[in-house]
file target_13.cif (mmCIF, C-alpha atoms and all ligand atoms)
data_model
loop_
_atom_site.label_atom_id
_atom_site.label_comp_id
_atom_site.auth_asym_id
_atom_site.auth_seq_id
_atom_site.Cartn_x
_atom_site.Cartn_y
_atom_site.Cartn_z
CA MET A 777 61.45 32.28 -38.86
CA ALA A 778 61.28 35.85 -40.32
CA THR A 779 59.64 36.13 -43.77
CA GLU A 780 62.15 36.68 -46.58
CA TRP A 781 61.88 39.92 -48.64
CA PRO A 782 61.56 38.11 -51.98
CA GLU A 783 58.54 36.25 -50.58
CA ILE A 784 56.90 39.50 -49.46
CA ILE A 785 57.52 41.12 -52.86
CA LEU A 786 56.15 38.05 -54.64
CA THR A 787 53.01 38.06 -52.45
CA VAL A 788 52.43 41.76 -53.14
CA ILE A 789 52.89 41.31 -56.92
CA CYS A 790 50.57 38.27 -56.97
CA SER A 791 47.94 40.15 -54.95
CA LEU A 792 48.10 43.13 -57.34
CA GLY A 793 47.83 40.78 -60.31
CA PHE A 794 44.85 39.03 -58.71
CA ILE A 795 43.08 42.37 -58.03
CA SER A 796 43.74 43.55 -61.59
CA LEU A 797 42.48 40.28 -63.12
CA SER A 798 39.41 40.30 -60.86
CA LYS A 799 38.58 43.86 -61.98
CA THR A 800 38.82 42.83 -65.64
CA PHE A 801 36.71 39.73 -65.01
CA ILE A 802 34.02 41.71 -63.12
CA HIS A 803 33.96 44.31 -65.91
CA PHE A 804 33.56 41.57 -68.55
CA ALA A 805 30.89 39.71 -66.52
CA ARG A 806 28.94 42.94 -66.08
CA TRP A 807 29.16 43.66 -69.83
CA MET A 808 27.90 40.10 -70.60
CA TRP A 809 25.01 40.59 -68.17
CA VAL A 810 23.98 43.95 -69.63
CA MET A 811 24.37 42.86 -73.26
CA PHE A 812 22.90 39.35 -73.20
CA PHE A 813 21.18 38.36 -69.94
CA ARG A 814 19.63 41.41 -68.21
CA PRO A 815 15.82 41.24 -68.53
CA LEU A 816 14.64 43.65 -71.23
CA LYS A 817 12.89 46.82 -70.14
CA ASN A 818 9.39 47.06 -71.50
CA LEU A 819 9.28 50.56 -72.97
CA LYS A 820 5.55 50.19 -73.44
CA THR A 821 5.06 50.61 -69.67
CA TYR A 822 6.72 54.03 -69.54
CA SER A 823 3.74 56.01 -70.84
CA SER A 824 1.50 56.41 -73.82
CA GLY A 825 3.80 58.84 -75.63
CA ALA A 826 7.16 58.56 -77.36
CA ILE A 827 9.45 60.89 -79.31
CA ILE A 828 11.75 59.52 -81.98
CA THR A 829 14.32 61.71 -83.71
CA GLY A 830 15.59 60.69 -87.13
CA SER A 831 12.34 58.77 -87.52
CA THR A 832 12.05 58.97 -91.30
CA ASP A 833 14.44 56.19 -92.22
CA GLY A 834 16.24 53.03 -91.13
CA THR A 835 16.34 52.18 -87.43
CA GLY A 836 14.40 55.29 -86.37
CA LYS A 837 11.50 54.43 -88.64
CA ALA A 838 11.45 50.82 -87.41
CA ILE A 839 11.48 51.96 -83.76
CA SER A 840 8.64 54.44 -84.47
CA LEU A 841 6.50 51.70 -85.99
CA GLU A 842 7.19 49.40 -83.04
CA LEU A 843 6.47 52.01 -80.36
CA ALA A 844 3.27 53.07 -82.14
CA SER A 845 1.90 49.56 -81.52
CA SER A 846 1.68 50.35 -77.80
CA GLY A 847 0.79 54.00 -77.42
CA PRO A 848 -1.59 56.51 -78.91
CA ASN A 849 0.93 59.39 -79.00
CA ILE A 850 3.93 59.30 -81.27
CA LEU A 851 5.98 62.37 -82.02
CA LEU A 852 8.18 62.05 -85.07
CA VAL A 853 11.12 64.42 -85.44
CA GLY A 854 12.83 64.82 -88.80
CA GLN A 855 14.21 67.31 -91.28
CA ASN A 856 12.14 66.36 -94.32
CA PRO A 857 8.37 67.09 -94.15
CA LYS A 858 7.54 64.71 -97.02
CA LYS A 859 9.39 61.79 -95.41
CA LEU A 860 7.76 62.61 -92.06
CA GLU A 861 4.31 62.51 -93.70
CA ALA A 862 5.16 59.20 -95.36
CA THR A 863 6.28 57.66 -92.03
CA SER A 864 3.18 59.00 -90.31
CA LYS A 865 0.96 57.44 -92.99
CA GLU A 866 2.79 54.12 -92.66
CA ILE A 867 2.19 54.15 -88.89
CA ARG A 868 -1.53 54.90 -89.34
CA ASP A 869 -1.88 52.26 -92.06
CA THR A 870 -0.18 49.70 -89.83
CA HIS A 871 -1.72 50.51 -86.44
CA GLY A 872 -4.97 52.31 -87.23
CA SER A 873 -6.16 55.89 -86.96
CA HIS A 874 -6.39 55.83 -83.12
CA VAL A 875 -2.63 56.42 -83.07
CA GLU A 876 -2.05 60.16 -82.86
CA VAL A 877 1.07 61.08 -84.77
CA LYS A 878 2.57 64.56 -84.37
CA LEU A 879 5.30 65.76 -86.69
CA VAL A 880 8.12 68.14 -85.81
CA VAL A 881 10.28 69.44 -88.63
CA ILE A 882 13.76 70.36 -87.41
CA ASP A 883 16.98 70.43 -89.39
CA PHE A 884 19.52 69.91 -86.60
CA GLU A 885 22.25 71.39 -88.76
CA LYS A 886 20.47 74.72 -88.95
CA VAL A 887 18.74 75.57 -85.65
CA ASN A 888 20.60 76.57 -82.50
CA GLY A 889 20.39 74.96 -79.07
CA GLU A 890 17.87 77.31 -77.49
CA GLU A 891 15.55 77.11 -80.52
CA ARG A 892 15.61 73.30 -80.33
CA VAL A 893 14.81 73.24 -76.60
CA LYS A 894 11.94 75.72 -77.08
CA LYS A 895 10.54 73.80 -80.03
CA MET A 896 10.60 70.50 -78.11
CA GLU A 897 9.09 72.09 -74.97
CA GLU A 898 6.30 73.74 -77.00
CA THR A 899 5.53 70.60 -79.00
CA THR A 900 5.45 68.29 -76.00
CA LYS A 901 3.41 70.63 -73.78
CA GLY A 902 0.48 68.67 -72.30
CA LEU A 903 1.64 65.39 -73.85
CA ASP A 904 2.44 62.40 -71.68
CA ILE A 905 5.90 61.66 -73.05
CA GLY A 906 7.65 58.73 -71.37
CA VAL A 907 10.15 57.63 -74.01
CA LEU A 908 12.68 59.63 -76.00
CA VAL A 909 14.75 57.89 -78.66
CA ASN A 910 17.69 59.98 -79.88
CA ASN A 911 18.40 58.29 -83.19
CA THR A 912 19.33 61.06 -85.64
CA ASP A 913 22.58 60.28 -87.39
CA MET A 914 25.04 61.86 -89.75
CA ALA A 915 28.07 59.96 -91.05
CA ASN A 916 31.00 60.55 -93.40
CA PRO A 917 29.90 59.86 -96.96
CA TYR A 918 33.17 57.95 -97.42
CA PRO A 919 36.37 57.27 -95.37
CA ARG A 920 38.56 60.35 -94.95
CA TYR A 921 41.41 61.61 -92.77
CA SER A 922 40.07 64.11 -90.27
CA HIS A 923 42.32 66.91 -91.61
CA GLU A 924 40.68 66.42 -95.04
CA GLU A 925 37.13 67.07 -93.76
CA ASP A 926 35.73 70.42 -94.82
CA PHE A 927 34.59 72.96 -92.28
CA GLU A 928 30.86 72.62 -93.10
CA PHE A 929 30.96 68.86 -92.53
CA LEU A 930 32.82 69.17 -89.20
CA ASP A 931 30.32 71.73 -88.01
CA ALA A 932 27.30 69.69 -89.19
CA ILE A 933 28.32 66.30 -87.75
CA ILE A 934 28.86 67.78 -84.29
CA LYS A 935 25.49 69.57 -84.47
CA VAL A 936 23.58 66.47 -85.61
CA ASN A 937 25.31 63.72 -83.57
CA VAL A 938 26.21 65.60 -80.39
CA GLU A 939 24.29 68.84 -79.96
CA ALA A 940 20.92 67.49 -81.10
CA ILE A 941 20.96 64.77 -78.39
CA THR A 942 21.86 67.33 -75.76
CA TRP A 943 19.18 69.85 -76.64
CA VAL A 944 16.33 67.49 -77.48
CA THR A 945 16.93 65.67 -74.18
CA ARG A 946 16.96 69.00 -72.38
CA GLY A 947 13.63 69.85 -74.04
CA VAL A 948 11.79 66.80 -72.67
CA ILE A 949 13.62 65.77 -69.50
CA LYS A 950 11.84 68.22 -67.19
CA GLY A 951 8.48 66.57 -67.91
CA MET A 952 9.94 63.14 -67.14
CA ILE A 953 11.44 64.39 -63.87
CA ARG A 954 8.06 65.87 -62.87
CA LYS A 955 6.40 62.49 -63.49
CA LYS A 956 9.36 60.62 -61.92
CA LYS A 957 9.29 58.29 -64.91
CA GLY A 958 10.91 58.21 -68.32
CA ALA A 959 13.34 56.44 -70.60
CA ILE A 960 15.93 58.22 -72.71
CA ILE A 961 17.64 56.05 -75.31
CA SER A 962 20.45 57.42 -77.42
CA ILE A 963 21.42 55.09 -80.24
CA GLY A 964 25.19 54.74 -80.42
CA PHE A 965 27.65 52.86 -82.54
CA ALA A 966 29.15 49.88 -80.67
CA SER A 967 32.35 49.76 -82.75
CA CYS A 968 33.42 53.14 -81.39
CA PHE A 969 34.06 51.66 -77.95
CA VAL A 970 34.79 48.03 -78.85
CA VAL A 971 37.81 48.91 -81.00
CA PRO A 972 40.53 51.23 -79.67
CA SER A 973 40.43 53.57 -82.68
CA PHE A 974 38.43 54.07 -85.82
CA PRO A 975 40.78 55.31 -88.55
CA LEU A 976 39.28 57.38 -91.38
CA TYR A 977 36.03 57.74 -89.41
CA THR A 978 37.62 59.39 -86.38
CA LEU A 979 35.18 62.24 -85.95
CA TYR A 980 32.11 60.08 -86.64
CA ALA A 981 33.24 57.51 -84.03
CA ALA A 982 33.97 60.29 -81.54
CA THR A 983 30.56 61.90 -81.99
CA LYS A 984 28.78 58.53 -81.72
CA ALA A 985 30.66 57.79 -78.47
CA TYR A 986 28.74 60.76 -77.05
CA SER A 987 25.61 58.57 -77.09
CA PHE A 988 27.15 56.45 -74.30
CA TRP A 989 27.41 59.45 -71.89
N1 LIG B 1 23.15 51.56 -90.07
C1 LIG B 1 24.09 50.95 -89.37
O1 LIG B 1 24.80 50.08 -89.85
C2 LIG B 1 24.28 51.31 -87.91
C3 LIG B 1 25.19 50.58 -87.13
C4 LIG B 1 25.37 50.90 -85.78
C5 LIG B 1 24.66 51.97 -85.23
N2 LIG B 1 23.79 52.68 -86.00
C6 LIG B 1 23.08 53.81 -85.38
O2 LIG B 1 21.67 53.63 -85.54
C7 LIG B 1 21.07 54.91 -85.72
C8 LIG B 1 20.25 54.91 -87.01
O3 LIG B 1 21.08 54.60 -88.09
P1 LIG B 1 20.46 54.43 -89.56
O4 LIG B 1 21.49 53.79 -90.39
O5 LIG B 1 19.12 53.82 -89.42
O6 LIG B 1 20.35 55.97 -89.98
P2 LIG B 1 19.70 56.59 -91.32
O7 LIG B 1 18.92 55.56 -92.05
O8 LIG B 1 20.79 57.31 -92.04
O9 LIG B 1 18.69 57.64 -90.70
C9 LIG B 1 19.17 58.77 -90.06
C10 LIG B 1 18.00 59.65 -89.67
O10 LIG B 1 18.52 60.89 -89.16
C11 LIG B 1 17.88 61.96 -89.88
N3 LIG B 1 18.75 63.12 -90.01
C12 LIG B 1 19.95 63.17 -90.63
N4 LIG B 1 20.43 64.44 -90.60
C13 LIG B 1 19.48 65.20 -89.97
C14 LIG B 1 19.39 66.58 -89.63
N5 LIG B 1 20.32 67.46 -89.99
N6 LIG B 1 18.29 67.02 -88.97
C15 LIG B 1 17.30 66.15 -88.63
N7 LIG B 1 17.33 64.83 -88.90
C16 LIG B 1 18.41 64.36 -89.57
C17 LIG B 1 17.56 61.37 -91.24
O11 LIG B 1 16.58 62.19 -91.87
P3 LIG B 1 16.37 62.13 -93.49
O12 LIG B 1 15.68 60.82 -93.73
O13 LIG B 1 15.55 63.31 -93.78
O14 LIG B 1 17.76 62.19 -94.08
C18 LIG B 1 17.07 59.97 -90.87
O15 LIG B 1 15.73 59.99 -90.43
C19 LIG B 1 22.20 55.94 -85.76
O16 LIG B 1 22.27 56.60 -84.52
C20 LIG B 1 23.44 55.11 -86.08
O17 LIG B 1 24.59 55.68 -85.55
C21 LIG B 1 23.59 52.37 -87.32
#
call {"tool": "encode", "arguments": {"input": "target_13.cif", "output": "structure tokens"}}
result
Amino acid sequence: MATEWPEIILTVICSLGFISLSKTFIHFARWMWVMFFRPLKNLKTYSSGAIITGSTDGTGKAISLELASSGPNILLVGQNPKKLEATSKEIRDTHGSHVEVKLVVIDFEKVNGEERVKKMEETTKGLDIGVLVNNTDMANPYPRYSHEEDFEFLDAIIKVNVEAITWVTRGVIKGMIRKKKGAIISIGFASCFVVPSFPLYTLYAATKAYSFW
């Protein structure tokens, strides 16, 4: 007996629904694997040297202290020389004087792309850098509609959260490619992709999404 049209249409719709659901399930399963089950990468095996931007406070400082426990070369990047010195001292006090800490003062709001690349290339020349942590962060001081942001802030947040990652990475990636080894970690902000929009922090969320490139 010939198959009825309604049956064919129903089969096609069910198949499409099954494919769509399977895609969603695979996406979710992959996310669960990456977030909770994938074995952690041991950054300490990448090399003896690491660069951490925004290393003078919060997460960046904690990461610097942790990475210094494994390697003799730590390069701290920050905008404030006094805070950089203080972090460097804390690393030496914690891990001993065999840890060589280099400091690079860069205000990402002020220097241009080429300057940043040159500075990173010069500073890392001859160093065995295997890990780069892009951690520098600038956020709205308080919630605001994007049309209320002043020009200086718009300019600065893009320079610090987007351009800095681009240019610092560019400044160290060639060395990693030569060695065929390296880890580049850009610290993002999970809420900017978990929720569909981030009202009153629109530009901040957009710039942080850049870390997931
Ligand atoms: N804190 C949270 O709740 C949270 C949540 C999710 C994700 N994160 C992410 O985690 C990372 C660290 O966050 P955090 O809260 O630890 O940040 P934080 O304490 O505010 O530290 C930010 C770092 O960036 C540096 N920095 C800011 N502007 C700079 C500029 N123009 N030039 C050079 N350096 C500059 C700061 O230097 P100074 O010390 O000199 O100002 C500081 O070392 C960020 O990427 C953030 O998006 C944070």
call {"tool": "residues_around", "arguments": {"input": "target_13.cif", "residues": "region 905-913 of chain A", "least_positions_apart": "4", "cutoff": "7 Å", "atoms": "all atoms listed in the file", "output": "PyMOL selection string"}}
result
chain A and resi 822-830+836+936-937+941+952+957-963
call {"tool": "axis_aligned_box", "arguments": {"input": "target_13.cif", "around": "ligand LIG 1 (chain B)", "padding_each_side": "6 Å", "output": "JSON"}}
result
{"center_x": 20.5, "center_y": 58.8, "center_z": -89.3, "size_x": 21.8, "size_y": 29.4, "size_z": 21.6}
call {"tool": "closest_residue", "arguments": {"input": "target_13.cif", "among": "A:Asn916, A:Asn856, A:Asn849, A:Thr832", "to": "Asp904 (chain A)", "atoms": "all atoms listed in the file"}}
result
A:Asn849
call {"tool": "closest_residue", "arguments": {"input": "target_13.cif", "among": "A:Thr945, A:Ser845, A:Thr835, A:Ser987", "to": "His874 (chain A)", "atoms": "only C-alpha atoms"}}
result
A:Ser845
call {"tool": "atom_distance", "arguments": {"input": "target_13.cif", "atom1": "CA of Lys901 (chain A)", "atom2": "CA of Asn888 (chain A)"}}
result
20.2 Å
call {"tool": "residues_around", "arguments": {"input": "target_13.cif", "residues": "Asp833 (chain A)", "least_positions_apart": "6", "cutoff": "12 Å", "atoms": "only C-alpha atoms", "output": "list in words"}}
result
Ile839, Ser840, Leu841, Leu852, Val853, Gly854, Gln855, Asn856, Lys858, Lys859, Leu860, Ala862, Thr863, Ser864, Glu866, Asn911, Thr912 and Asp913 of chain A
call {"tool": "atom_distance", "arguments": {"input": "target_13.cif", "atom1": "CA of Lys984 (chain A)", "atom2": "atom O16 of ligand LIG 1 (chain B)"}}
result
7.3 Å
call {"tool": "closest_residue", "arguments": {"input": "target_13.cif", "among": "A:Val875, A:Ile784, A:Ile882, A:Leu792", "to": "ligand LIG 1 (chain B)", "atoms": "all atoms listed in the file"}}
result
A:Ile882
call {"tool": "residues_around", "arguments": {"input": "target_13.cif", "residues": "Glu890 (chain A)", "least_positions_apart": "2", "cutoff": "12 Å", "atoms": "all atoms listed in the file", "output": "list in words"}}
result
Phe884, Val887, Asn888, Arg892, Val893, Lys894, Lys895, Met896, Glu897, Glu939, Ala940, Thr942, Trp943, Val944, Arg946 and Gly947 of chain A
call {"tool": "residues_around", "arguments": {"input": "target_13.cif", "residues": "region 800-813 of chain A", "least_positions_apart": "6", "cutoff": "12 Å", "atoms": "only C-alpha atoms", "output": "ChimeraX atom specification"}}
result
/A:793-794,966,970
call {"tool": "closest_residue", "arguments": {"input": "target_13.cif", "among": "A:Gly951, A:Pro857, A:Gly889, A:Pro975", "to": "ligand LIG 1 (chain B)", "atoms": "all atoms listed in the file"}}
result
A:Pro857
call {"tool": "atom_distance", "arguments": {"input": "target_13.cif", "atom1": "CA of Tyr921 (chain A)", "atom2": "CA of Thr983 (chain A)"}}
result
15.3 Å
call {"tool": "closest_residue", "arguments": {"input": "target_13.cif", "among": "A:Gly834, A:Pro917, A:Gly872, A:Gly902", "to": "ligand LIG 1 (chain B)", "atoms": "only C-alpha atoms and all ligand atoms"}}
result
A:Gly834
call {"tool": "closest_residue", "arguments": {"input": "target_13.cif", "among": "A:Ser831, A:Glu891, A:Ala981, A:Thr899", "to": "ligand LIG 1 (chain B)", "atoms": "only C-alpha atoms and all ligand atoms"}}
result
A:Ser831
call {"tool": "build_atoms", "arguments": {"input": "target_13.cif", "residues": "region 873-897 of chain A", "atoms": "N, CA and C atoms", "output": "PDB file, in the coordinates of the input"}}
result
ATOM      1  N   SER A 873      -6.111  54.435 -87.106  1.00  0.00           N
ATOM      2  CA  SER A 873      -6.160  55.890 -86.960  1.00  0.00           C
ATOM      3  C   SER A 873      -6.236  56.344 -85.506  1.00  0.00           C
ATOM      4  N   HIS A 874      -6.369  55.401 -84.530  1.00  0.00           N
ATOM      5  CA  HIS A 874      -6.390  55.830 -83.120  1.00  0.00           C
ATOM      6  C   HIS A 874      -5.014  56.294 -82.660  1.00  0.00           C
ATOM      7  N   VAL A 875      -3.978  55.961 -83.437  1.00  0.00           N
ATOM      8  CA  VAL A 875      -2.630  56.420 -83.070  1.00  0.00           C
ATOM      9  C   VAL A 875      -2.489  57.881 -83.508  1.00  0.00           C
ATOM     10  N   GLU A 876      -2.212  58.741 -82.516  1.00  0.00           N
ATOM     11  CA  GLU A 876      -2.050  60.160 -82.860  1.00  0.00           C
ATOM     12  C   GLU A 876      -0.577  60.445 -83.150  1.00  0.00           C
ATOM     13  N   VAL A 877      -0.320  60.847 -84.387  1.00  0.00           N
ATOM     14  CA  VAL A 877       1.070  61.080 -84.770  1.00  0.00           C
ATOM     15  C   VAL A 877       1.282  62.587 -84.975  1.00  0.00           C
ATOM     16  N   LYS A 878       2.216  63.144 -84.204  1.00  0.00           N
ATOM     17  CA  LYS A 878       2.570  64.560 -84.370  1.00  0.00           C
ATOM     18  C   LYS A 878       3.908  64.637 -85.101  1.00  0.00           C
ATOM     19  N   LEU A 879       4.044  65.640 -85.935  1.00  0.00           N
ATOM     20  CA  LEU A 879       5.300  65.760 -86.690  1.00  0.00           C
ATOM     21  C   LEU A 879       6.025  67.048 -86.297  1.00  0.00           C
ATOM     22  N   VAL A 880       7.315  66.949 -86.112  1.00  0.00           N
ATOM     23  CA  VAL A 880       8.120  68.140 -85.810  1.00  0.00           C
ATOM     24  C   VAL A 880       9.244  68.208 -86.837  1.00  0.00           C
ATOM     25  N   VAL A 881       9.230  69.292 -87.619  1.00  0.00           N
ATOM     26  CA  VAL A 881      10.280  69.440 -88.630  1.00  0.00           C
ATOM     27  C   VAL A 881      11.422  70.265 -88.026  1.00  0.00           C
ATOM     28  N   ILE A 882      12.563  69.642 -87.875  1.00  0.00           N
ATOM     29  CA  ILE A 882      13.760  70.360 -87.410  1.00  0.00           C
ATOM     30  C   ILE A 882      14.954  69.866 -88.217  1.00  0.00           C
ATOM     31  N   ASP A 883      15.698  70.794 -88.792  1.00  0.00           N
ATOM     32  CA  ASP A 883      16.980  70.430 -89.390  1.00  0.00           C
ATOM     33  C   ASP A 883      18.035  70.744 -88.329  1.00  0.00           C
ATOM     34  N   PHE A 884      18.595  69.703 -87.719  1.00  0.00           N
ATOM     35  CA  PHE A 884      19.520  69.910 -86.600  1.00  0.00           C
ATOM     36  C   PHE A 884      20.802  70.621 -87.000  1.00  0.00           C
ATOM     37  N   GLU A 885      21.060  70.660 -88.299  1.00  0.00           N
ATOM     38  CA  GLU A 885      22.250  71.390 -88.760  1.00  0.00           C
ATOM     39  C   GLU A 885      22.020  72.898 -88.680  1.00  0.00           C
ATOM     40  N   LYS A 886      20.749  73.288 -88.756  1.00  0.00           N
ATOM     41  CA  LYS A 886      20.470  74.720 -88.950  1.00  0.00           C
ATOM     42  C   LYS A 886      20.032  75.454 -87.687  1.00  0.00           C
ATOM     43  N   VAL A 887      19.236  74.816 -86.811  1.00  0.00           N
ATOM     44  CA  VAL A 887      18.740  75.570 -85.650  1.00  0.00           C
ATOM     45  C   VAL A 887      19.729  75.534 -84.498  1.00  0.00           C
ATOM     46  N   ASN A 888      19.666  76.567 -83.628  1.00  0.00           N
ATOM     47  CA  ASN A 888      20.600  76.570 -82.500  1.00  0.00           C
ATOM     48  C   ASN A 888      19.989  75.877 -81.276  1.00  0.00           C
ATOM     49  N   GLY A 889      20.791  75.723 -80.244  1.00  0.00           N
ATOM     50  CA  GLY A 889      20.390  74.960 -79.070  1.00  0.00           C
ATOM     51  C   GLY A 889      19.104  75.457 -78.430  1.00  0.00           C
ATOM     52  N   GLU A 890      19.033  76.770 -78.185  1.00  0.00           N
ATOM     53  CA  GLU A 890      17.870  77.310 -77.490  1.00  0.00           C
ATOM     54  C   GLU A 890      16.589  77.105 -78.306  1.00  0.00           C
ATOM     55  N   GLU A 891      16.712  77.315 -79.630  1.00  0.00           N
ATOM     56  CA  GLU A 891      15.550  77.110 -80.520  1.00  0.00           C
ATOM     57  C   GLU A 891      15.038  75.679 -80.401  1.00  0.00           C
ATOM     58  N   ARG A 892      16.000  74.717 -80.385  1.00  0.00           N
ATOM     59  CA  ARG A 892      15.610  73.300 -80.330  1.00  0.00           C
ATOM     60  C   ARG A 892      14.890  72.993 -79.024  1.00  0.00           C
ATOM     61  N   VAL A 893      15.435  73.513 -77.900  1.00  0.00           N
ATOM     62  CA  VAL A 893      14.810  73.240 -76.600  1.00  0.00           C
ATOM     63  C   VAL A 893      13.391  73.802 -76.606  1.00  0.00           C
ATOM     64  N   LYS A 894      13.266  75.078 -77.079  1.00  0.00           N
ATOM     65  CA  LYS A 894      11.940  75.720 -77.080  1.00  0.00           C
ATOM     66  C   LYS A 894      10.966  74.927 -77.929  1.00  0.00           C
ATOM     67  N   LYS A 895      11.421  74.519 -79.122  1.00  0.00           N
ATOM     68  CA  LYS A 895      10.540  73.800 -80.030  1.00  0.00           C
ATOM     69  C   LYS A 895      10.077  72.488 -79.387  1.00  0.00           C
ATOM     70  N   MET A 896      10.973  71.765 -78.741  1.00  0.00           N
ATOM     71  CA  MET A 896      10.600  70.500 -78.110  1.00  0.00           C
ATOM     72  C   MET A 896       9.668  70.745 -76.930  1.00  0.00           C
ATOM     73  N   GLU A 897       9.955  71.803 -76.135  1.00  0.00           N
ATOM     74  CA  GLU A 897       9.090  72.090 -74.970  1.00  0.00           C
ATOM     75  C   GLU A 897       7.692  72.461 -75.433  1.00  0.00           C
TER      76      GLU A 897
END
